[in-house]
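For reference, target-v2.cif is printed below; it contains mmCIF, C-alpha atoms.
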data_final
loop_
_atom_site.label_atom_id
_atom_site.label_comp_id
_atom_site.auth_asym_id
_atom_site.auth_seq_id
_atom_site.Cartn_x
_atom_site.Cartn_y
_atom_site.Cartn_z
CA MET A 1 -65.11 365.25 -15.16
CA GLY A 2 -67.01 367.89 -13.24
CA LEU A 3 -68.21 371.20 -14.64
CA LEU A 4 -67.33 374.58 -13.19
CA ASN A 5 -69.77 375.87 -10.60
CA ASN A 6 -69.27 379.61 -10.29
CA GLY A 7 -70.05 379.40 -6.60
CA PHE A 8 -71.27 383.00 -6.37
CA SER A 9 -74.33 383.48 -8.56
CA PRO A 10 -76.59 381.82 -11.15
CA LEU A 11 -75.55 382.30 -14.76
CA LEU A 12 -77.16 384.81 -17.11
CA GLU A 13 -77.82 382.09 -19.70
CA THR A 14 -78.14 378.32 -19.67
CA PRO A 15 -74.68 376.87 -20.33
CA ARG A 16 -74.01 374.50 -23.18
CA LEU A 17 -73.31 370.88 -22.30
CA VAL A 18 -69.55 370.43 -21.96
CA PRO A 19 -67.96 367.58 -23.95
CA ASP A 20 -65.91 364.97 -22.14
CA LEU A 21 -62.17 365.45 -22.58
CA GLY A 22 -61.32 361.76 -22.91
CA ILE A 23 -58.32 361.87 -20.58
CA PRO A 24 -56.92 358.35 -19.95
CA VAL A 25 -57.29 357.10 -16.37
CA THR A 26 -54.10 356.59 -14.38
CA SER A 27 -52.75 357.19 -10.88
CA ALA A 28 -49.50 358.82 -12.01
CA THR A 29 -49.03 362.51 -11.21
CA VAL A 30 -46.46 365.27 -11.51
CA GLU A 31 -45.63 368.22 -9.29
CA ILE A 32 -46.04 371.64 -10.88
CA ARG A 33 -44.26 374.78 -9.72
CA ILE A 34 -45.08 378.06 -11.46
CA ILE A 35 -41.99 380.23 -11.82
CA ASN A 36 -42.27 383.97 -12.18
CA THR A 37 -39.34 384.44 -14.55
CA THR A 38 -39.06 388.17 -13.62
CA CYS A 39 -39.94 389.15 -17.17
CA TYR A 40 -42.61 391.84 -17.53
CA GLN A 41 -43.92 393.41 -20.69
CA LYS A 42 -46.13 396.40 -21.39
CA THR A 43 -47.65 397.46 -24.70
CA SER A 44 -50.77 398.83 -26.31
CA THR A 45 -53.61 396.34 -26.10
CA ALA A 46 -54.48 397.17 -29.71
CA HIS A 47 -51.14 395.73 -30.84
CA LEU A 48 -52.09 392.29 -29.54
CA LEU A 49 -55.85 392.06 -29.22
CA GLY A 50 -57.36 394.66 -31.51
CA GLN A 51 -59.87 397.24 -30.28
CA PRO A 52 -59.42 397.37 -26.48
CA ILE A 53 -62.17 397.15 -23.89
CA PRO A 54 -62.49 400.56 -22.15
CA GLY A 55 -59.95 400.76 -19.33
CA HIS A 56 -57.70 398.22 -21.01
CA GLU A 57 -55.87 400.44 -23.46
CA THR A 58 -52.52 399.08 -22.28
CA ILE A 59 -51.66 395.54 -21.28
CA THR A 60 -49.00 394.64 -18.72
CA PHE A 61 -48.12 391.01 -18.24
CA PRO A 62 -45.57 388.63 -16.69
CA SER A 63 -44.09 385.51 -18.31
CA TYR A 64 -44.19 382.17 -16.53
CA ALA A 65 -42.18 378.99 -16.72
CA PHE A 66 -43.43 375.70 -15.26
CA LEU A 67 -41.18 373.25 -13.43
CA VAL A 68 -42.66 369.79 -13.96
CA SER A 69 -41.36 367.03 -11.68
CA ASN A 70 -42.16 363.34 -12.08
CA ARG A 71 -40.98 362.10 -8.70
CA ALA A 72 -41.67 358.44 -9.50
CA GLN A 73 -39.26 358.60 -12.45
CA GLY A 74 -36.85 361.14 -10.95
CA VAL A 75 -37.27 363.45 -13.94
CA ASN A 76 -37.60 367.25 -13.99
CA VAL A 77 -38.45 369.28 -17.10
CA LEU A 78 -39.24 372.92 -17.76
CA PHE A 79 -42.15 374.03 -19.88
CA ASP A 80 -40.99 377.41 -21.24
CA LEU A 81 -38.17 379.59 -19.92
CA GLY A 82 -39.44 383.15 -20.08
CA MET A 83 -37.21 385.88 -21.53
CA ARG A 84 -33.44 385.93 -21.09
CA LYS A 85 -31.92 388.92 -19.28
CA ASP A 86 -29.84 389.86 -22.32
CA TRP A 87 -32.99 389.71 -24.42
CA ARG A 88 -31.56 391.65 -27.36
CA LYS A 89 -29.43 388.62 -28.27
CA ALA A 90 -32.57 386.54 -28.85
CA CYS A 91 -34.86 389.19 -30.27
CA PRO A 92 -35.33 389.10 -34.06
CA PRO A 93 -33.41 392.07 -35.51
CA ALA A 94 -36.49 393.36 -37.30
CA LEU A 95 -38.25 393.80 -33.95
CA LEU A 96 -35.46 395.55 -32.06
CA PRO A 97 -36.54 399.10 -33.04
CA TYR A 98 -39.97 398.42 -31.53
CA ILE A 99 -38.80 397.07 -28.15
CA GLY A 100 -37.14 398.94 -25.31
CA ASP A 101 -36.44 398.79 -21.58
CA ASP A 102 -36.17 402.49 -20.72
CA GLY A 103 -39.88 403.27 -20.35
CA GLN A 104 -39.67 405.66 -23.28
CA GLY A 105 -40.69 405.56 -26.91
CA ALA A 106 -40.66 401.93 -27.96
CA PRO A 107 -44.15 400.38 -28.40
CA LEU A 108 -43.22 397.30 -26.33
CA GLN A 109 -41.45 397.88 -23.02
CA VAL A 110 -39.75 394.97 -21.28
CA ASP A 111 -38.12 394.47 -17.91
CA VAL A 112 -36.12 391.31 -17.14
CA GLU A 113 -34.40 390.96 -13.80
CA ARG A 114 -32.93 387.45 -13.94
CA ASP A 115 -32.37 384.38 -16.10
CA ILE A 116 -34.27 381.29 -15.07
CA VAL A 117 -31.00 379.35 -14.60
CA ASP A 118 -30.03 381.78 -11.83
CA ILE A 119 -33.47 381.48 -10.23
CA LEU A 120 -33.19 377.69 -10.16
CA ASP A 121 -29.59 377.60 -8.99
CA ASP A 122 -30.41 379.81 -6.00
CA ASP A 123 -32.84 377.00 -4.97
CA PRO A 124 -34.76 379.35 -2.65
CA GLY A 125 -36.92 376.60 -1.16
CA ASN A 126 -34.10 374.07 -0.79
CA ILE A 127 -36.08 371.66 -2.97
CA GLY A 128 -32.89 370.22 -4.47
CA ILE A 129 -33.75 370.95 -8.12
CA THR A 130 -31.28 373.24 -9.88
CA SER A 131 -30.54 373.82 -13.54
CA SER A 132 -28.26 370.75 -13.61
CA ASP A 133 -31.27 368.58 -12.67
CA ILE A 134 -33.34 369.58 -15.71
CA SER A 135 -33.61 366.65 -18.13
CA ALA A 136 -35.39 368.60 -20.83
CA VAL A 137 -36.62 372.05 -21.75
CA ILE A 138 -39.91 372.20 -23.67
CA TRP A 139 -40.62 375.31 -25.69
CA SER A 140 -44.32 376.00 -26.07
CA HIS A 141 -43.13 377.99 -29.10
CA HIS A 142 -40.13 379.90 -30.38
CA HIS A 143 -40.92 383.49 -29.34
CA PHE A 144 -38.07 385.10 -27.44
CA ASP A 145 -40.17 385.75 -24.32
CA HIS A 146 -40.65 381.98 -23.97
CA ARG A 147 -37.42 380.34 -25.07
CA GLY A 148 -35.05 382.00 -22.58
CA ASP A 149 -31.37 381.11 -22.86
CA VAL A 150 -31.29 377.34 -23.27
CA ALA A 151 -27.53 377.49 -23.91
CA ARG A 152 -27.00 378.05 -20.18
CA PHE A 153 -28.33 374.60 -19.34
CA GLN A 154 -26.13 371.52 -19.21
CA SER A 155 -25.33 369.93 -22.58
CA TYR A 156 -27.30 366.81 -21.60
CA THR A 157 -30.53 368.83 -21.17
CA LYS A 158 -32.67 368.03 -24.21
CA LEU A 159 -34.71 370.61 -26.07
CA ILE A 160 -38.20 369.48 -27.10
CA VAL A 161 -40.19 371.46 -29.68
CA GLY A 162 -43.40 371.05 -31.63
CA PRO A 163 -43.96 369.84 -35.20
CA GLY A 164 -42.39 371.99 -37.90
CA LEU A 165 -40.98 374.61 -35.53
CA LEU A 166 -37.32 374.29 -36.50
CA ASP A 167 -38.05 374.05 -40.20
CA ARG A 168 -40.12 377.24 -40.03
CA TYR A 169 -38.14 379.43 -37.62
CA MET A 170 -34.53 378.18 -37.55
CA HIS A 171 -32.12 380.91 -38.69
CA SER A 172 -34.94 383.42 -39.28
CA GLU A 173 -35.71 383.81 -35.54
CA ILE A 174 -33.74 381.14 -33.66
CA HIS A 175 -29.98 381.57 -33.56
CA GLU A 176 -27.93 378.44 -34.18
CA SER A 177 -25.65 379.37 -31.27
CA GLU A 178 -28.58 378.95 -28.87
CA ILE A 179 -29.02 375.25 -29.56
CA ARG A 180 -25.63 374.14 -30.90
CA GLY A 181 -24.40 370.85 -29.42
CA ARG A 182 -27.73 370.00 -27.82
CA ASP A 183 -29.96 366.98 -28.37
CA ILE A 184 -33.09 368.39 -29.99
CA VAL A 185 -36.31 366.42 -30.15
CA GLU A 186 -38.73 367.86 -32.69
CA LEU A 187 -42.01 366.01 -32.26
CA ASP A 188 -43.73 365.08 -35.49
CA ASP A 189 -47.35 364.26 -36.18
CA THR A 190 -46.78 360.56 -35.45
CA SER A 191 -45.66 361.44 -31.90
CA PHE A 192 -49.21 362.51 -31.06
CA ASP A 193 -50.92 359.12 -30.97
CA LEU A 194 -53.67 360.12 -28.52
CA THR A 195 -56.52 362.64 -28.65
CA ILE A 196 -57.43 364.62 -25.52
CA GLY A 197 -60.04 367.35 -25.65
CA GLY A 198 -59.77 367.38 -29.43
CA PHE A 199 -56.00 368.02 -29.35
CA PRO A 200 -53.48 365.50 -30.69
CA ALA A 201 -51.65 364.38 -27.52
CA HIS A 202 -48.26 362.88 -26.68
CA ASP A 203 -47.71 361.04 -23.37
CA ALA A 204 -44.41 362.69 -22.43
CA PHE A 205 -43.46 360.38 -19.53
CA GLY A 206 -45.31 357.30 -20.73
CA ASP A 207 -47.39 357.05 -17.54
CA GLY A 208 -50.29 359.43 -18.18
CA SER A 209 -49.01 362.11 -15.81
CA PHE A 210 -48.03 364.75 -18.39
CA TYR A 211 -49.25 365.18 -21.95
CA LEU A 212 -47.97 367.51 -24.65
CA LEU A 213 -50.75 368.78 -26.89
CA SER A 214 -50.33 369.98 -30.47
CA CYS A 215 -52.07 373.39 -30.56
CA PRO A 216 -50.99 375.21 -33.74
CA GLY A 217 -52.18 378.66 -34.68
CA HIS A 218 -50.33 381.12 -32.51
CA THR A 219 -47.20 379.81 -34.23
CA VAL A 220 -46.22 376.76 -36.22
CA GLY A 221 -45.47 373.96 -33.76
CA HIS A 222 -47.14 375.62 -30.77
CA LEU A 223 -47.50 373.23 -27.82
CA CYS A 224 -49.73 373.23 -24.76
CA ALA A 225 -49.50 370.69 -21.94
CA LEU A 226 -51.85 368.87 -19.58
CA ALA A 227 -50.47 367.83 -16.20
CA ARG A 228 -52.23 365.49 -13.78
CA VAL A 229 -51.56 367.03 -10.37
CA THR A 230 -53.72 364.80 -8.16
CA ALA A 231 -55.12 361.31 -8.63
CA THR A 232 -57.14 360.82 -5.43
CA PRO A 233 -59.94 361.09 -4.60
CA THR A 234 -60.28 362.19 -8.22
CA SER A 235 -57.86 363.39 -10.83
CA THR A 236 -57.28 367.13 -11.20
CA PHE A 237 -55.18 368.83 -13.86
CA ALA A 238 -53.29 371.93 -14.85
CA PHE A 239 -53.58 372.98 -18.49
CA LEU A 240 -50.43 374.88 -19.47
CA GLY A 241 -51.69 377.02 -22.32
CA GLY A 242 -48.55 378.80 -23.54
CA ASP A 243 -49.77 381.56 -25.84
CA CYS A 244 -52.92 379.78 -26.97
CA ALA A 245 -54.30 383.08 -25.68
CA TYR A 246 -52.58 386.25 -24.47
CA HIS A 247 -55.43 387.26 -22.18
CA CYS A 248 -58.28 385.43 -20.45
CA GLY A 249 -60.74 387.69 -22.24
CA GLU A 250 -59.99 385.72 -25.41
CA PHE A 251 -61.75 382.61 -24.05
CA ARG A 252 -64.07 383.89 -21.30
CA PRO A 253 -67.00 383.96 -21.07
CA SER A 254 -67.91 380.98 -23.21
CA PRO A 255 -71.04 379.05 -24.15
CA TYR A 256 -70.01 376.58 -21.44
CA ILE A 257 -69.55 379.22 -18.71
CA PRO A 258 -71.65 382.32 -19.43
CA LEU A 259 -71.35 385.44 -17.33
CA PRO A 260 -73.00 385.05 -13.92
CA GLN A 261 -75.75 387.32 -12.64
CA GLN A 262 -73.27 388.76 -10.14
CA VAL A 263 -69.49 388.65 -10.25
CA ALA A 264 -67.43 388.99 -7.08
CA PHE A 265 -63.64 389.18 -7.24
CA LYS A 266 -60.69 390.95 -5.71
CA SER A 267 -59.93 394.10 -7.66
CA ALA A 268 -56.24 394.83 -8.22
CA SER A 269 -54.06 397.07 -10.36
CA TRP A 270 -50.51 397.09 -11.71
CA HIS A 271 -48.07 399.95 -11.27
CA PHE A 272 -45.41 399.97 -13.99
CA PRO A 273 -42.49 402.24 -12.93
CA ARG A 274 -40.67 404.22 -15.59
CA GLY A 275 -36.94 404.42 -16.28
CA PRO A 276 -34.11 401.86 -16.59
CA GLN A 277 -33.58 401.67 -12.82
CA ALA A 278 -37.24 401.78 -11.84
CA GLY A 279 -37.65 398.07 -11.19
CA PRO A 280 -40.40 395.61 -12.15
CA PRO A 281 -44.15 396.30 -12.04
CA VAL A 282 -45.86 396.07 -8.68
CA LEU A 283 -49.27 394.48 -8.12
CA LYS A 284 -51.43 396.60 -5.83
CA ASN A 285 -54.55 395.16 -4.23
CA ARG A 286 -57.46 397.53 -3.85
CA LYS A 287 -60.78 396.10 -2.73
CA ILE A 288 -63.45 393.49 -3.16
CA LEU A 289 -65.58 394.31 -6.19
CA LEU A 290 -69.11 393.04 -6.69
CA CYS A 291 -70.52 393.78 -10.12
CA ALA A 292 -73.80 392.88 -11.79
CA GLY A 293 -73.46 390.52 -14.75
CA ASP A 294 -76.02 392.52 -16.72
CA PHE A 295 -73.86 395.62 -16.39
CA ILE A 296 -70.80 393.73 -17.65
CA LYS A 297 -72.78 392.27 -20.55
CA ASP A 298 -74.70 395.37 -21.64
CA ILE A 299 -72.20 398.14 -20.87
CA VAL A 300 -68.71 396.60 -20.89
CA HIS A 301 -68.88 393.68 -23.34
CA PRO A 302 -68.30 394.86 -26.94
CA TYR A 303 -70.92 392.44 -28.32
CA LYS A 304 -73.33 392.63 -25.37
CA SER A 305 -73.04 388.89 -24.96
CA ALA A 306 -73.00 386.60 -21.94
CA THR A 307 -71.45 383.70 -23.90
CA GLU A 308 -68.93 385.25 -26.32
CA SER A 309 -65.39 386.09 -25.28
CA PHE A 310 -64.54 389.76 -24.77
CA TYR A 311 -61.73 389.60 -27.32
CA GLU A 312 -61.53 387.75 -30.60
CA THR A 313 -58.53 385.64 -31.53
CA PRO A 314 -55.85 388.02 -32.89
CA ALA A 315 -55.46 388.45 -36.61
CA GLU A 316 -52.42 387.54 -38.65
CA PRO A 317 -49.52 388.34 -38.38
CA VAL A 318 -49.98 388.49 -34.59
CA VAL A 319 -50.71 384.77 -34.97
CA SER A 320 -49.31 382.59 -37.74
CA SER A 321 -52.73 381.18 -38.72
CA HIS A 322 -55.93 382.85 -37.57
CA ASP A 323 -58.09 379.85 -38.49
CA GLU A 324 -55.91 377.37 -36.59
CA ALA A 325 -55.61 379.73 -33.62
CA CYS A 326 -59.41 380.01 -33.42
CA VAL A 327 -59.74 376.23 -33.39
CA SER A 328 -57.12 375.83 -30.65
CA THR A 329 -58.68 378.53 -28.47
CA ALA A 330 -62.14 376.98 -28.86
CA LYS A 331 -60.75 373.64 -27.69
CA MET A 332 -59.09 375.31 -24.70
CA GLU A 333 -62.50 376.74 -23.73
CA ILE A 334 -63.68 373.17 -23.17
CA PHE A 335 -60.82 372.44 -20.77
CA ASP A 336 -61.60 375.73 -19.02
CA ALA A 337 -65.20 374.61 -18.47
CA HIS A 338 -64.22 371.55 -16.42
CA ASP A 339 -63.88 372.28 -12.72
CA ASP A 340 -61.04 369.77 -12.35
CA VAL A 341 -58.86 371.53 -14.96
CA LEU A 342 -57.11 374.81 -14.19
CA VAL A 343 -56.09 376.72 -17.32
CA CYS A 344 -52.78 378.57 -16.85
CA ILE A 345 -51.80 380.66 -19.87
CA SER A 346 -48.28 382.03 -19.85
CA HIS A 347 -49.14 385.71 -19.32
CA ASP A 348 -52.13 385.59 -16.94
CA LYS A 349 -51.12 387.96 -14.17
CA SER A 350 -54.15 387.05 -12.05
CA LEU A 351 -52.52 383.69 -11.22
CA MET A 352 -50.21 385.61 -8.91
CA ASN A 353 -53.10 386.58 -6.66
CA HIS A 354 -54.38 383.11 -5.82
CA LEU A 355 -51.83 380.37 -6.59
CA PRO A 356 -48.65 379.43 -4.74
CA PHE A 357 -45.57 380.13 -6.86
CA TYR A 358 -42.12 378.57 -7.01
CA PRO A 359 -40.61 377.15 -4.89
CA HIS A 360 -44.05 376.01 -3.70
CA ILE A 361 -46.18 373.40 -5.48
CA MET A 362 -49.54 374.45 -6.94
CA ASN A 363 -51.01 370.92 -7.03
CA GLU A 364 -53.70 371.58 -4.42
CA TRP A 365 -55.35 374.36 -6.41
CA HIS A 366 -58.65 372.43 -6.58
CA LYS A 367 -58.78 371.70 -2.85
CA LYS A 368 -58.21 375.39 -2.11
CA GLY A 369 -60.92 376.59 -4.49
CA CYS A 370 -58.48 378.65 -6.56
CA LYS A 371 -60.36 378.28 -9.84
CA GLN A 372 -63.53 380.00 -8.65
CA LYS A 373 -61.42 382.88 -7.29
CA LEU A 374 -59.44 383.20 -10.52
CA HIS A 375 -62.03 382.70 -13.22
CA TRP A 376 -63.36 386.26 -13.57
CA GLU A 377 -60.43 388.19 -12.13
CA PHE A 378 -59.29 389.27 -15.60
CA LEU A 379 -62.23 391.70 -15.46
CA ASN A 380 -59.92 393.83 -13.29
CA ASP A 381 -58.38 395.00 -16.55
CA PHE A 382 -61.59 396.67 -17.71
CA ASP A 383 -63.25 399.89 -16.60
CA LEU A 384 -65.62 398.51 -13.98
CA ASP A 385 -64.83 400.99 -11.21
CA ARG A 386 -66.93 403.66 -12.88
CA ASN A 387 -70.01 401.66 -11.73
CA PRO A 388 -69.00 399.46 -8.81
CA ILE A 389 -72.04 397.81 -7.29
CA SER A 390 -72.35 397.47 -3.54
CA PRO A 391 -73.88 394.18 -2.32
CA PRO A 392 -77.33 395.67 -1.45
CA ALA A 393 -77.57 397.61 -4.72
CA ALA A 394 -76.45 394.63 -6.75
CA LEU A 395 -79.53 392.73 -5.69
CA HIS A 396 -81.76 395.33 -7.35
CA PHE A 397 -79.54 396.41 -10.21
CA ARG A 398 -81.37 397.32 -13.43
CA ARG A 399 -79.93 397.19 -16.91
CA GLN A 400 -78.47 400.45 -18.11
CA ARG A 401 -79.20 401.29 -21.75
#

Please express the file's structure as structure tokens.
Amino acid sequence: MGLLNNGFSPLLETPRLVPDLGIPVTSATVEIRIINTTCYQKTSTAHLLGQPIPGHETITFPSYAFLVSNRAQGVNVLFDLGMRKDWRKACPPALLPYIGDDGQGAPLQVDVERDIVDILDDDPGNIGITSSDISAVIWSHHHFDHRGDVARFQSYTKLIVGPGLLDRYMHSEIHESEIRGRDIVELDDTSFDLTIGGFPAHDAFGDGSFYLLSCPGHTVGHLCALARVTATPTSTFAFLGGDCAYHCGEFRPSPYIPLPQQVAFKSASWHFPRGPQAGPPVLKNRKILLCAGDFIKDIVHPYKSATESFYETPAEPVVSSHDEACVSTAKMEIFDAHDDVLVCISHDKSLMNHLPFYPHIMNEWHKKGCKQKLHWEFLNDFDLDRNPISPPAALHFRRQR
């Protein structure tokens, strides 16, 4: 397993040695297609992450689903579904007063254009995989912006969930009508007979191509996944993180990948139209930004650290168990530090800038150098434009106190 080389600049501090992940060796792979489910959400950053970094007072994010295809076995599954178009039917009643889609008043604003079943059945790339070809739906967790409308899938499509999820959330947040008449597989602790990167792991297809990982903390029964997307000349992977973190600032930088001396990335912003007919948010590219790592550390970072994440793991009740969530996020940091693993959390909008999306396959992310382009792009969310550094000035930039 290789370690991430920033590719742009030396690091501000010596990185910690990255532990081996212990992934079993095999030649089996899956194809991964990232689906933009057309669900967008906007809320106060403080509601999710606590005290915001300057410039990041609001957070706007998409929701992804992942189409996982094991061609050798002829099996297609979905990891997460996004939010259903008629989202009020799935939203817990206690939350309804706090959520709206009119751009006015409600703390959380949502916009959902389509259900994932309709996206699949349109088959825009003529790949021949529609909703009737989905063998199983895997919920990373039960939240209504991830579980979609599973009732619209064929009755033979299984629903796979993590340990304890149904016992904890059935009836209180999951409606019986959503899953009635469907074969439900609730994995228990004995299902996870492997350990990968410190996570209990379940070999979903039995060939080492796709593992489900038990990552509790955000919710009871929260699942992540590890997909092997290439096997030659070396194996490369996609880590599907669900809501192990809401934002990349929760696990970057880390002791394994400190801030670099200079950070170069493509600056971009989101425009979130107002009103019920305004349409979804639009991503607007601006310019190439080169910023000194010392400036980010000393002026932007709340703890003035090159190795601590910008945001801490959210407190309860944003997560079900703060202690377990901290452990899971720390383990994910180790995956993030390996250059042959691409971490894809469910709401990371920066993925849209550099990865091919459905109907295209993202398997060649490593060959195309996507990770180095993506790694620091979350810094777009912070107020860096007040001191953009031109390339000549960056070479002589002094710390500002």

Quiz prompt | Residue among A:Gly148, A:Pro124, A:Pro93, A:Pro317 lying closest to A:Val112, counting all atoms listed in the file | solution =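 The answer is A:Gly148, which sits nearest to A:Val112.
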
Quiz prompt | For atom CA of A:Ala201 and atom CA of A:Lys367, the interatomic separation in Å (one decimal) | solution = 26.7 Å

Quiz item: For A:Cys344, which residue among A:Pro253, A:Pro258, A:Gly242, A:Gly164 is the nearest when counting all atoms listed in the file?
Solution: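 For A:Cys344, the nearest of the candidates is A:Gly242.
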
Practice problem: Convert the output of the PyMOL selection byres ((chain A and resi 182) around 8) on the shown file into explicit residues, formatted as number ranges by chain. | Solution: A: 155-159, 179-181, 183-184

Quiz prompt | Within 9 Å of A:Leu379 using only C-alpha atoms, minus same-chain residues under 5 positions, as a list of chain:residue names | solution = A:Cys248, A:Gly249, A:Phe265, A:Ser267, A:Leu384

Practice problem: Please identify all polymer residues lying at most 9 Å from the point (-59.8, 391.8, -11.8) (file coordinates), using all atoms listed in the file, and present the result as JSON, numbers by chain. | Solution: {"A": [265, 266, 267, 268, 269, 289, 350, 374, 376, 377, 378, 379, 380, 381, 382]}

Exercise. Might you pull out every residue within 8 Å of stretch 37-41 of chain A, with only C-alpha atoms counted and same-chain residues fewer than 5 positions away left off, and present them as a list in words?
Key: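 Counting only the stated atoms, we get Thr60, Phe61, Pro62, Ser63, Tyr64, Ala65, Leu81, Gly82, Met83, Leu108, Gln109, Val110, Asp111, Val112, Glu113, Arg114, Asp115, Ile116, Ile119, Asp145, Pro280 and Pro281 of chain A.
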
What do you get, as a compact mmCIF listing (two decimals) with C-alpha atoms, keeping the file's coordinate frame, if you spell out every residue that the PyMOL selection byres ((chain A and resi 316) around 12) selects here?
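Heads up, here's the output in expr-v4.txt:
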# COMPACT_ATOMS: atom_id res chain seq x y z
CA HIS A 47 -51.14 395.73 -30.84
CA LEU A 48 -52.09 392.29 -29.54
CA LEU A 49 -55.85 392.06 -29.22
CA GLY A 50 -57.36 394.66 -31.51
CA GLY A 217 -52.18 378.66 -34.68
CA HIS A 218 -50.33 381.12 -32.51
CA THR A 219 -47.20 379.81 -34.23
CA THR A 313 -58.53 385.64 -31.53
CA PRO A 314 -55.85 388.02 -32.89
CA ALA A 315 -55.46 388.45 -36.61
CA PRO A 317 -49.52 388.34 -38.38
CA VAL A 318 -49.98 388.49 -34.59
CA VAL A 319 -50.71 384.77 -34.97
CA SER A 320 -49.31 382.59 -37.74
CA SER A 321 -52.73 381.18 -38.72
CA HIS A 322 -55.93 382.85 -37.57
CA ASP A 323 -58.09 379.85 -38.49
CA GLU A 324 -55.91 377.37 -36.59
CA ALA A 325 -55.61 379.73 -33.62
CA CYS A 326 -59.41 380.01 -33.42

Practice problem: Give me the result of the PyMOL selection byres ((chain A and resi 66) around 12) on this file, residue by residue, as a PyMOL selection string. | Solution: chain A and resi 30-37+63-65+67-69+76-82+116+120+134+137-140+146+224-227+238-242+344-346+357-362

Quiz item: So how many Å separate atom CA of A:Pro356 and atom CA of A:Asp339, to one decimal?
Solution: 18.6 Å

Self-check item: Nearest to A:Ser172, chosen from A:Ile196, A:Phe251, A:Asp243, A:Ala90, with only C-alpha atoms counted in the distances
Solution: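 Selected residue with least distance to A:Ser172: A:Ala90.
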